[in-house]
Protein chains: 2
Amino acid sequence: MIKLKKREELKKNFSTWLNEIIEKAEILDIRYPIKGTYVWYPYGYKIRENILSILRKLLNEKGHSEVLFPLLVPEEEFMKEALHVKGFEDEVYWVTHGGLSELNVKLAIRPTSETAIYPIFALWIRSHADMPLKIFQVVNVFRYETKATRPLIRLREVTTFKEAHTAHASKEDAEKQINEAISIYKRFFESIGVPYVVSRRPDWDKFPGADYSMAFDTILPDGKTLQIGTVHNLGTNFAKTFEICFENMKGEQEYVYQTCYGISDRAIAAHISVHGDDKGLCLSPLLAPIQCVIVPIIYKGKEKSVAKSVEKVVDSLKGVRIHVDNSELTPGNKFYHWEMKGVPIRIEIGPKDAEKGTAVMVRRDTGEKKTVPQNDIRNEVETALDAIQENMKKDALKEMASKITDAKTIDEVQKILGEKGGIIRTLWCGAEACGAEIEEVLSAKLLGTTGESTKGVCSGCKKEAKQVLLISRSY
Amino acid sequence: MIKLKKREELKKNFSTWLNEIIEKAEILDIRYPIKGTYVWYPYGYKIRENILSILRKLLNEKGHSEVLFPLLVPEEEFMKEALHVKGFEDEVYWVTHGGLSELNVKLAIRPTSETAIYPIFALWIRSHADMPLKIFQVVNVFRYETKATRPLIRLREVTTFKEAHTAHASKEDAEKQINEAISIYKRFFESIGVPYVVSRRPDWDKFPGADYSMAFDTILPDGKTLQIGTVHNLGTNFAKTFEICFENMKGEQEYVYQTCYGISDRAIAAHISVHGDDKGLCLSPLLAPIQCVIVPIIYKGKEKSVAKSVEKVVDSLKGVRIHVDNSELTPGNKFYHWEMKGVPIRIEIGPKDAEKGTAVMVRRDTGEKKTVPQNDIRNEVETALDAIQENMKKDALKEMASKITDAKTIDEVQKILGEKGGIIRTLWCGAEACGAEIEEVLSAKLLGTTGESTKGVCSGCKKEAKQVLLISRSY
C-alpha cells in the first residue's frame, strides 16, 4: 500500500521545521559562534558534494573550465565599478590588519568575484580567438547580512557559491550564453528535482552592474519564493571598467561582452524544503549520501542466518551507496532515524527473510513496502532508485504548479497572497513607477517578467499591459 | 634510445625555473594584485584536483570524514590558547569592518582551524563512544607573510590546505593516530612520487600548542629542503583550553587527546620541482590533466587517412585522459608545448603510420620513442603509464638518496652544506642550547631527529649523542 507523504506539520511551521531538520539530520551544526556561519557535518557535506558534482559535470560538458581566484580583493579594484560598489558597499567585509599592523591597502572579502576575476580577464584576453572564455569556480563568499540570517538561505558566509564568468566577442554571443546558462541551470534543477520558474528581474532589482538579470525561483512549503539561481548579462559595463578589450576581426580594439551566473547553498535548501515531510528529509537518490540502508532484524539464535543474508545483499549491491545499521538501537528506532535522514530505500532482513531468501524493501518517498527475492535485489534496488528519482521530481512539479495562480487585479493578487501564497501571474505595463506602487501596496515582491507576449490591461495602473508579471512574497 | 632527463638549467637556477614553469605551464597566474596570492588556471586546477582526490581517498579509507568549518574565527576563541596565539599573532589577518560599520567583535581569518573547530568538538564529544573522532577539511588559510612570498611555497592565501583533526579517549590512541597519519602521508607522497624524510621537529620549532610535531621534508633541486607535511600530537593542551571533555569508562570526566595533521599547496610544488627538467614539467600519470596527447602529422592529400587513424586511437583510449592537438602549430611546436606541460605520453600519427596501422609513442620521462601497432595502443599506453609512474618515483628516490650525507663534525656539515646541500645526518646530544648554537654557526636549520638509536658524540658539544639529527638549509 502506498502512503502519501504527510506534510501538515512541515507546512504549518515550515521555518522551524527547516532549522530543526538541518540540525537533526546533521547537515549543518548551527552552533558556530558567528551569526550566519555554520559547520557542515560529514552527512551534510556529502549531500553538498553530490550536488556539486552534478553541477560541475553540466558546466564541464558545456566547455566551462574550473579555476580558483583569491578570496581577497584590493580596495582599489573593488571600488572601480560604481554601480557594483553601490550594490555591495553595505555588505562587504573588510580586512584592515595583518598581524599586529595595519595594512596599507584595505582588502575586501569577496561578496562575489567580478572584481577579483575581471582584472585578470583583461590579461587573458587579447584577440577574438581567446573567446568565448568560460570559467567557473566553487568558493565561499561573504555578505555582512543585517537581516535575520538562516542556515542555507541567508548567510554571512555562503560556503557553496558556484559562480561562472564568461567573455564573448559579440553581443549576440553573450546573449546566446545567457540562453546556454539558463538551459544548464534548468537541467541542474531538474536533476535535483527542484521545480522553478525563470523570470527577468525588474530593472531596480538586477545585479549591480548588469544590463539585466534572469532568475530562477522555487516555491517553499510556506508559499514564499526562494531565489535559487541567477544569470546576468553584464554587457560591456565591467569590460569598460576593467579595460577588458580584444582585437576584433577587423583589427580594431573592442570591449568584450560578459555574462555571469551563480548558484549557492540555496539549491540544497530548496531540495530539502521541497521534498521533506513530517518524518524529516527525503533525499533524491542522486544526492543521498546513503542510497540504501540495510537493517538486520536480529532474534536470538538466528543471528547467523540473518548475517549471512545481509552479507549476500551487501555483495550484490556493489556500486550503490549502502550502509548496514548494526547499531544497538531497536529496529523501530533505526527506521525512524534513517527516514529522518532521508535515505531513499530501506531494506529489512529478519530470520524469516533469511529462511525464504527474501528481503523487505521500503521506499522513503511513498512508504511503499515490498517483499523481494534476495537474488533479484540489485535489480529491485536500481529500479526503485530510478522510480524514486522520477516520482520525487513529478510530485514536486505538481505541487509547484498548484501554487502558481493567475490574477487580474491587485485585489485578487492580494487575496491569493494572503490565502495560499505562491506565485501570482498577472499583467503589467512595465513602468517602474507602477511596479514600485504594486510592491508597496502588496508588501510583496515583483519577481520578474516571463517574456510571454500578452494582451490586456496592467493590474496596477490599468494601462496597456506589456508583460506577464510574477509576484510573490520572497525570502 | 632512452635519453636521460636534462636538469642542468633547472639546477643552476631553480628558483627562476620554478616561477617560470608555474606561469608558462599555466598552473598559476602570478599577476594577481595582492602579494602572495595567485590564480589557479584550469590546467593547474586539474592537477590540484587530481592530487586532492588521492589524498581524500587515503583519508576516507582510514575513516576520516570530510567536513567544512567557517573561515572566520571570533577574536575571543582565537585568543584562548596562549601558545597558539603567540605562534600566529604576527601572521593573522583581521576583519574589522562589515559594510560601512565597525564590527563589535574582530574576526580572525583562519591561519589554521584549531580555534574554529575545537569549540565545536566540545559540543560533539560527550563520551568515549564518540571517539575516535576523525575529520578533515580542504580549505584556504591565510598567513600575513612578511618574508618574500613565492607561488605554491610561501603564500598569503594557502588555497589548498588539507587539515585533519582527531580526538581520542587515551594518550595511547592519540599516539597510534600519529602513526596512522604518518603512514597515510607516506602513502600519499609515494603515490605522487615525492621522496621524503620524516623527523621529529626540535621542541623550539614545533606547532604552537602541540606536545610535539613530526614533519615530512623533501629536497628541492637547489639542495634546500621543503617541509611538505606535518603531524602534530596536541596532547590535552587544546582540550584544556576549549573544555573538550568526555565521560570515560569509569564515568569520570576526562580531557580528550588530540592530533592534527596538514598538507598544503607545497605537495604540488614538490612534485613539480622534483620531477621537472629543462624542458619543463614532467607530471606523474596520476596527476596529469592530460595523460596522453595525440599529435596528427598532417601532409596535404593525406589528411583523411591520418584523421581516420587518430579517430581509431581515440576510440581505443576511452578512460585515459587524452587530448588531440588539432591546433595550427607545427608538429615541432606541439611537441615542445606538451613536453613543457609535462604530458606523460605523446602519440604521433603521420601518413606512413596511417598506412601501416602504427603510431609513434614517446615517453616524457625518458624520451623513449617506440613504434607501436594501433591495434595494441591501449595496452601499450596503459603499460607505459604504469612504467612512467614507477620510473619517476624510482628516479626521484635515487636523487633524494644521493643528497643525504652523513657527517661527524660541524665543519664537515658546513662543508657539505656549502658544496652540495641536501640533508646532512649527524649526531646530537639533544640539548636545546647546543642545537641553537649549531643553527647559529651553520646558518642552517635543524630539521629534526629521526628516532634511531645511536652511539657516539654530539657533533656540536662533543658530549654523548642521543639522537640522529638532520640538518639542512630550508625554505
# chains A, B, ... in the order shown; residues from 1 in each chain; ligands from 1
call {"tool": "interface_residues", "arguments": {"of": "chain B", "to": "chain A", "cutoff": "7 Å", "atoms": "only C-alpha atoms", "output": "VMD selection string"}}
result
chain B and resid 34 37 to 42 45 65 to 70 74 89 to 100 144
call {"tool": "residues_around", "arguments": {"residues": "B:Gln414", "least_positions_apart": "6", "cutoff": "12 Å", "atoms": "only C-alpha atoms", "output": "count of residues only"}}
result
24
call {"tool": "closest_residue", "arguments": {"among": "B:Met79, B:Ile263, B:Ala25, B:Ile272", "to": "B:Phe188", "atoms": "only C-alpha atoms"}}
result
B:Ile263
call {"tool": "residues_around", "arguments": {"residues": "B:Cys458", "least_positions_apart": "2", "cutoff": "9 Å", "atoms": "only C-alpha atoms", "output": "PyMOL selection string"}}
result
chain B and resi 408-409+426-430+456+460-467
call {"tool": "atom_distance", "arguments": {"atom1": "atom CA of A:Tyr336", "atom2": "atom CA of A:Gly280"}}
result
9.4 Å
call {"tool": "select_by_dssp", "arguments": {"residues": "stretch 191-293 of chain A", "states": "strand (DSSP E or B)", "output": "JSON list (two decimals) with N, CA, C and O atoms, in the first residue's frame"}}
result
[["chain", "number", "residue", "atom", "x", "y", "z"],
["A", 197, "VAL", "N", 10.57, 28.61, -11.62],
["A", 197, "VAL", "CA", 10.17, 29.48, -12.72],
["A", 197, "VAL", "C", 11.36, 30.36, -13.05],
["A", 197, "VAL", "O", 12.18, 30.66, -12.17],
["A", 198, "VAL", "N", 11.48, 30.73, -14.31],
["A", 198, "VAL", "CA", 12.55, 31.64, -14.72],
["A", 198, "VAL", "C", 11.89, 32.96, -15.08],
["A", 198, "VAL", "O", 10.89, 32.99, -15.78],
["A", 199, "SER", "N", 12.44, 34.05, -14.57],
["A", 199, "SER", "CA", 11.90, 35.34, -14.97],
["A", 199, "SER", "C", 13.01, 36.37, -15.08],
["A", 199, "SER", "O", 14.12, 36.15, -14.59],
["A", 200, "ARG", "N", 12.67, 37.46, -15.74],
["A", 200, "ARG", "CA", 13.62, 38.56, -15.84],
["A", 200, "ARG", "C", 13.32, 39.52, -14.71],
["A", 200, "ARG", "O", 12.20, 40.03, -14.59],
["A", 212, "TYR", "N", 20.97, 43.27, -17.54],
["A", 212, "TYR", "CA", 19.74, 42.70, -16.98],
["A", 212, "TYR", "C", 20.05, 41.37, -16.30],
["A", 212, "TYR", "O", 21.10, 40.78, -16.55],
["A", 213, "SER", "N", 19.12, 40.93, -15.45],
["A", 213, "SER", "CA", 19.31, 39.69, -14.68],
["A", 213, "SER", "C", 18.12, 38.77, -14.87],
["A", 213, "SER", "O", 16.97, 39.20, -14.77],
["A", 214, "MET", "N", 18.41, 37.51, -15.13],
["A", 214, "MET", "CA", 17.39, 36.47, -15.14],
["A", 214, "MET", "C", 17.53, 35.70, -13.82],
["A", 214, "MET", "O", 18.63, 35.57, -13.30],
["A", 215, "ALA", "N", 16.39, 35.20, -13.31],
["A", 215, "ALA", "CA", 16.49, 34.48, -12.05],
["A", 215, "ALA", "C", 15.62, 33.24, -12.03],
["A", 215, "ALA", "O", 14.58, 33.19, -12.71],
["A", 216, "PHE", "N", 16.07, 32.26, -11.30],
["A", 216, "PHE", "CA", 15.30, 31.05, -11.02],
["A", 216, "PHE", "C", 14.72, 31.18, -9.62],
["A", 216, "PHE", "O", 15.44, 31.53, -8.69],
["A", 217, "ASP", "N", 13.43, 30.90, -9.49],
["A", 217, "ASP", "CA", 12.81, 30.89, -8.17],
["A", 217, "ASP", "C", 12.03, 29.60, -8.00],
["A", 217, "ASP", "O", 11.44, 29.08, -8.96],
["A", 218, "THR", "N", 12.03, 29.11, -6.77],
["A", 218, "THR", "CA", 11.15, 27.99, -6.45],
["A", 218, "THR", "C", 10.20, 28.44, -5.34],
["A", 218, "THR", "O", 10.37, 29.53, -4.78],
["A", 219, "ILE", "N", 9.19, 27.63, -5.06],
["A", 219, "ILE", "CA", 8.24, 27.99, -4.01],
["A", 219, "ILE", "C", 8.45, 27.05, -2.83],
["A", 219, "ILE", "O", 8.43, 25.82, -3.00],
["A", 225, "THR", "N", 8.60, 32.49, -2.04],
["A", 225, "THR", "CA", 9.56, 32.06, -3.07],
["A", 225, "THR", "C", 10.99, 32.22, -2.57],
["A", 225, "THR", "O", 11.29, 33.06, -1.72],
["A", 226, "LEU", "N", 11.84, 31.37, -3.14],
["A", 226, "LEU", "CA", 13.27, 31.43, -2.83],
["A", 226, "LEU", "C", 14.03, 31.54, -4.15],
["A", 226, "LEU", "O", 13.86, 30.70, -5.04],
["A", 227, "GLN", "N", 14.83, 32.59, -4.27],
["A", 227, "GLN", "CA", 15.68, 32.72, -5.46],
["A", 227, "GLN", "C", 16.80, 31.69, -5.37],
["A", 227, "GLN", "O", 17.54, 31.66, -4.39],
["A", 228, "ILE", "N", 16.90, 30.84, -6.37],
["A", 228, "ILE", "CA", 17.86, 29.73, -6.29],
["A", 228, "ILE", "C", 18.94, 29.76, -7.36],
["A", 228, "ILE", "O", 19.85, 28.93, -7.37],
["A", 229, "GLY", "N", 18.85, 30.73, -8.26],
["A", 229, "GLY", "CA", 19.90, 30.83, -9.26],
["A", 229, "GLY", "C", 19.72, 32.12, -10.04],
["A", 229, "GLY", "O", 18.59, 32.59, -10.22],
["A", 230, "THR", "N", 20.83, 32.72, -10.47],
["A", 230, "THR", "CA", 20.72, 33.95, -11.25],
["A", 230, "THR", "C", 21.68, 33.91, -12.42],
["A", 230, "THR", "O", 22.75, 33.30, -12.35],
["A", 231, "VAL", "N", 21.26, 34.57, -13.49],
["A", 231, "VAL", "CA", 22.05, 34.63, -14.72],
["A", 231, "VAL", "C", 22.04, 36.09, -15.18],
["A", 231, "VAL", "O", 20.97, 36.67, -15.37],
["A", 232, "HIS", "N", 23.23, 36.66, -15.30],
["A", 232, "HIS", "CA", 23.30, 38.09, -15.59],
["A", 232, "HIS", "C", 23.99, 38.39, -16.91],
["A", 232, "HIS", "O", 25.05, 37.84, -17.20],
["A", 233, "ASN", "N", 23.40, 39.26, -17.69],
["A", 233, "ASN", "CA", 24.08, 39.78, -18.86],
["A", 233, "ASN", "C", 24.73, 41.09, -18.45],
["A", 233, "ASN", "O", 24.05, 42.06, -18.13],
["A", 234, "LEU", "N", 26.06, 41.10, -18.46],
["A", 234, "LEU", "CA", 26.78, 42.27, -17.96],
["A", 234, "LEU", "C", 27.07, 43.29, -19.06],
["A", 234, "LEU", "O", 27.60, 44.36, -18.79],
["A", 235, "GLY", "N", 26.71, 42.94, -20.31],
["A", 235, "GLY", "CA", 27.02, 43.84, -21.41],
["A", 235, "GLY", "C", 28.50, 44.16, -21.42],
["A", 235, "GLY", "O", 29.34, 43.28, -21.21],
["A", 245, "CYS", "N", 39.62, 44.29, -23.29],
["A", 245, "CYS", "CA", 39.45, 44.54, -24.72],
["A", 245, "CYS", "C", 39.99, 43.38, -25.53],
["A", 245, "CYS", "O", 40.77, 42.59, -25.05],
["A", 246, "PHE", "N", 39.54, 43.32, -26.77],
["A", 246, "PHE", "CA", 40.10, 42.32, -27.68],
["A", 246, "PHE", "C", 40.23, 42.93, -29.07],
["A", 246, "PHE", "O", 39.56, 43.93, -29.38],
["A", 247, "GLU", "N", 41.11, 42.33, -29.86],
["A", 247, "GLU", "CA", 41.24, 42.78, -31.23],
["A", 247, "GLU", "C", 40.23, 42.01, -32.06],
["A", 247, "GLU", "O", 40.26, 40.77, -32.11],
["A", 253, "GLN", "N", 40.40, 47.43, -31.62],
["A", 253, "GLN", "CA", 40.17, 47.12, -30.21],
["A", 253, "GLN", "C", 38.69, 47.31, -29.88],
["A", 253, "GLN", "O", 38.09, 48.30, -30.28],
["A", 254, "GLU", "N", 38.14, 46.34, -29.15],
["A", 254, "GLU", "CA", 36.73, 46.41, -28.81],
["A", 254, "GLU", "C", 36.56, 45.86, -27.39],
["A", 254, "GLU", "O", 37.35, 45.04, -26.95],
["A", 255, "TYR", "N", 35.55, 46.33, -26.69],
["A", 255, "TYR", "CA", 35.28, 45.78, -25.36],
["A", 255, "TYR", "C", 34.60, 44.41, -25.47],
["A", 255, "TYR", "O", 33.79, 44.20, -26.37],
["A", 257, "TYR", "N", 32.04, 41.34, -24.29],
["A", 257, "TYR", "CA", 30.68, 41.23, -23.75],
["A", 257, "TYR", "C", 30.69, 40.11, -22.72],
["A", 257, "TYR", "O", 31.20, 39.02, -22.99],
["A", 258, "GLN", "N", 30.13, 40.38, -21.56],
["A", 258, "GLN", "CA", 30.27, 39.42, -20.47],
["A", 258, "GLN", "C", 28.95, 38.94, -19.89],
["A", 258, "GLN", "O", 27.95, 39.65, -19.92],
["A", 259, "THR", "N", 29.01, 37.74, -19.35],
["A", 259, "THR", "CA", 27.88, 37.22, -18.57],
["A", 259, "THR", "C", 28.45, 36.59, -17.30],
["A", 259, "THR", "O", 29.63, 36.25, -17.24],
["A", 260, "CYS", "N", 27.61, 36.46, -16.29],
["A", 260, "CYS", "CA", 28.00, 35.67, -15.13],
["A", 260, "CYS", "C", 26.74, 35.04, -14.54],
["A", 260, "CYS", "O", 25.63, 35.55, -14.76],
["A", 261, "TYR", "N", 26.92, 33.91, -13.88],
["A", 261, "TYR", "CA", 25.75, 33.23, -13.33],
["A", 261, "TYR", "C", 26.15, 32.40, -12.13],
["A", 261, "TYR", "O", 27.25, 31.85, -12.08],
["A", 262, "GLY", "N", 25.23, 32.33, -11.16],
["A", 262, "GLY", "CA", 25.61, 31.69, -9.90],
["A", 262, "GLY", "C", 24.50, 30.89, -9.26],
["A", 262, "GLY", "O", 23.30, 31.14, -9.47],
["A", 263, "ILE", "N", 24.94, 29.91, -8.51],
["A", 263, "ILE", "CA", 24.05, 29.07, -7.71],
["A", 263, "ILE", "C", 24.73, 28.86, -6.36],
["A", 263, "ILE", "O", 25.94, 28.68, -6.31],
["A", 277, "ASP", "N", 9.28, 15.98, 4.56],
["A", 277, "ASP", "CA", 7.92, 15.79, 5.08],
["A", 277, "ASP", "C", 7.97, 15.73, 6.61],
["A", 277, "ASP", "O", 9.00, 16.05, 7.20],
["A", 280, "GLY", "N", 10.87, 14.04, 8.15],
["A", 280, "GLY", "CA", 12.21, 14.62, 8.02],
["A", 280, "GLY", "C", 12.64, 14.79, 6.58],
["A", 280, "GLY", "O", 11.82, 15.11, 5.72],
["A", 292, "CYS", "N", 20.75, 3.44, 0.25],
["A", 292, "CYS", "CA", 20.02, 2.27, 0.70],
["A", 292, "CYS", "C", 20.59, 1.83, 2.05],
["A", 292, "CYS", "O", 21.79, 1.54, 2.16],
["A", 293, "VAL", "N", 19.75, 1.83, 3.07],
["A", 293, "VAL", "CA", 20.21, 1.38, 4.38],
["A", 293, "VAL", "C", 19.67, -0.03, 4.63],
["A", 293, "VAL", "O", 18.52, -0.33, 4.30]]
call {"tool": "select_by_dssp", "arguments": {"residues": "stretch 32-239 of chain B", "states": "helix (DSSP H, G or I)", "output": "JSON, numbers by chain"}}
result
{"B": [42, 43, 44, 45, 46, 47, 48, 49, 50, 51, 52, 53, 54, 55, 56, 57, 58, 59, 60, 61, 75, 76, 77, 78, 82, 83, 84, 85, 86, 87, 88, 114, 115, 116, 117, 118, 119, 120, 121, 122, 123, 124, 128, 129, 130, 171, 172, 173, 174, 175, 176, 177, 178, 179, 180, 181, 182, 183, 184, 185, 186, 187, 188, 189, 190, 191, 203, 204, 205, 237, 238, 239]}
call {"tool": "residues_around", "arguments": {"residues": "B:Pro351", "least_positions_apart": "2", "cutoff": "9 Å", "atoms": "only C-alpha atoms", "output": "MDAnalysis selection string"}}
result
chainID B and resid 296:299 302:303 305:306 349 353:356
call {"tool": "atom_distance", "arguments": {"atom1": "atom CA of B:Leu10", "atom2": "atom CA of B:Ala401"}}
result
19.0 Å
call {"tool": "residues_around", "arguments": {"residues": "B:Lys334", "least_positions_apart": "6", "cutoff": "9 Å", "atoms": "only C-alpha atoms", "output": "number ranges by chain"}}
result
B: 295, 325, 327
call {"tool": "closest_residue", "arguments": {"among": "A:Ala269, A:Ser191, A:Glu81, A:Ala431", "to": "A:Lys240", "atoms": "only C-alpha atoms"}}
result
A:Glu81
call {"tool": "residues_around", "arguments": {"residues": "A:Arg266", "least_positions_apart": "4", "cutoff": "7 Å", "atoms": "only C-alpha atoms", "output": "PyMOL selection string"}}
result
chain A and resi 152-153+228+270
call {"tool": "residues_around", "arguments": {"residues": "stretch 371-380 of chain A", "least_positions_apart": "2", "cutoff": "8 Å", "atoms": "only C-alpha atoms", "output": "list of chain:residue names"}}
result
A:Ser309, A:Lys312, A:Val313, A:Ser316, A:Leu317, A:Gly357, A:Thr358, A:Ala359, A:Val360, A:Met361, A:Lys369, A:Glu382, A:Thr383, A:Ala384
call {"tool": "closest_residue", "arguments": {"among": "A:Gln389, A:Asn13, A:Thr454, A:Asn179", "to": "A:Gln291", "atoms": "only C-alpha atoms"}}
result
A:Gln389
call {"tool": "atom_distance", "arguments": {"atom1": "atom CA of A:Ile345", "atom2": "atom CA of A:Arg364"}}
result
5.8 Å
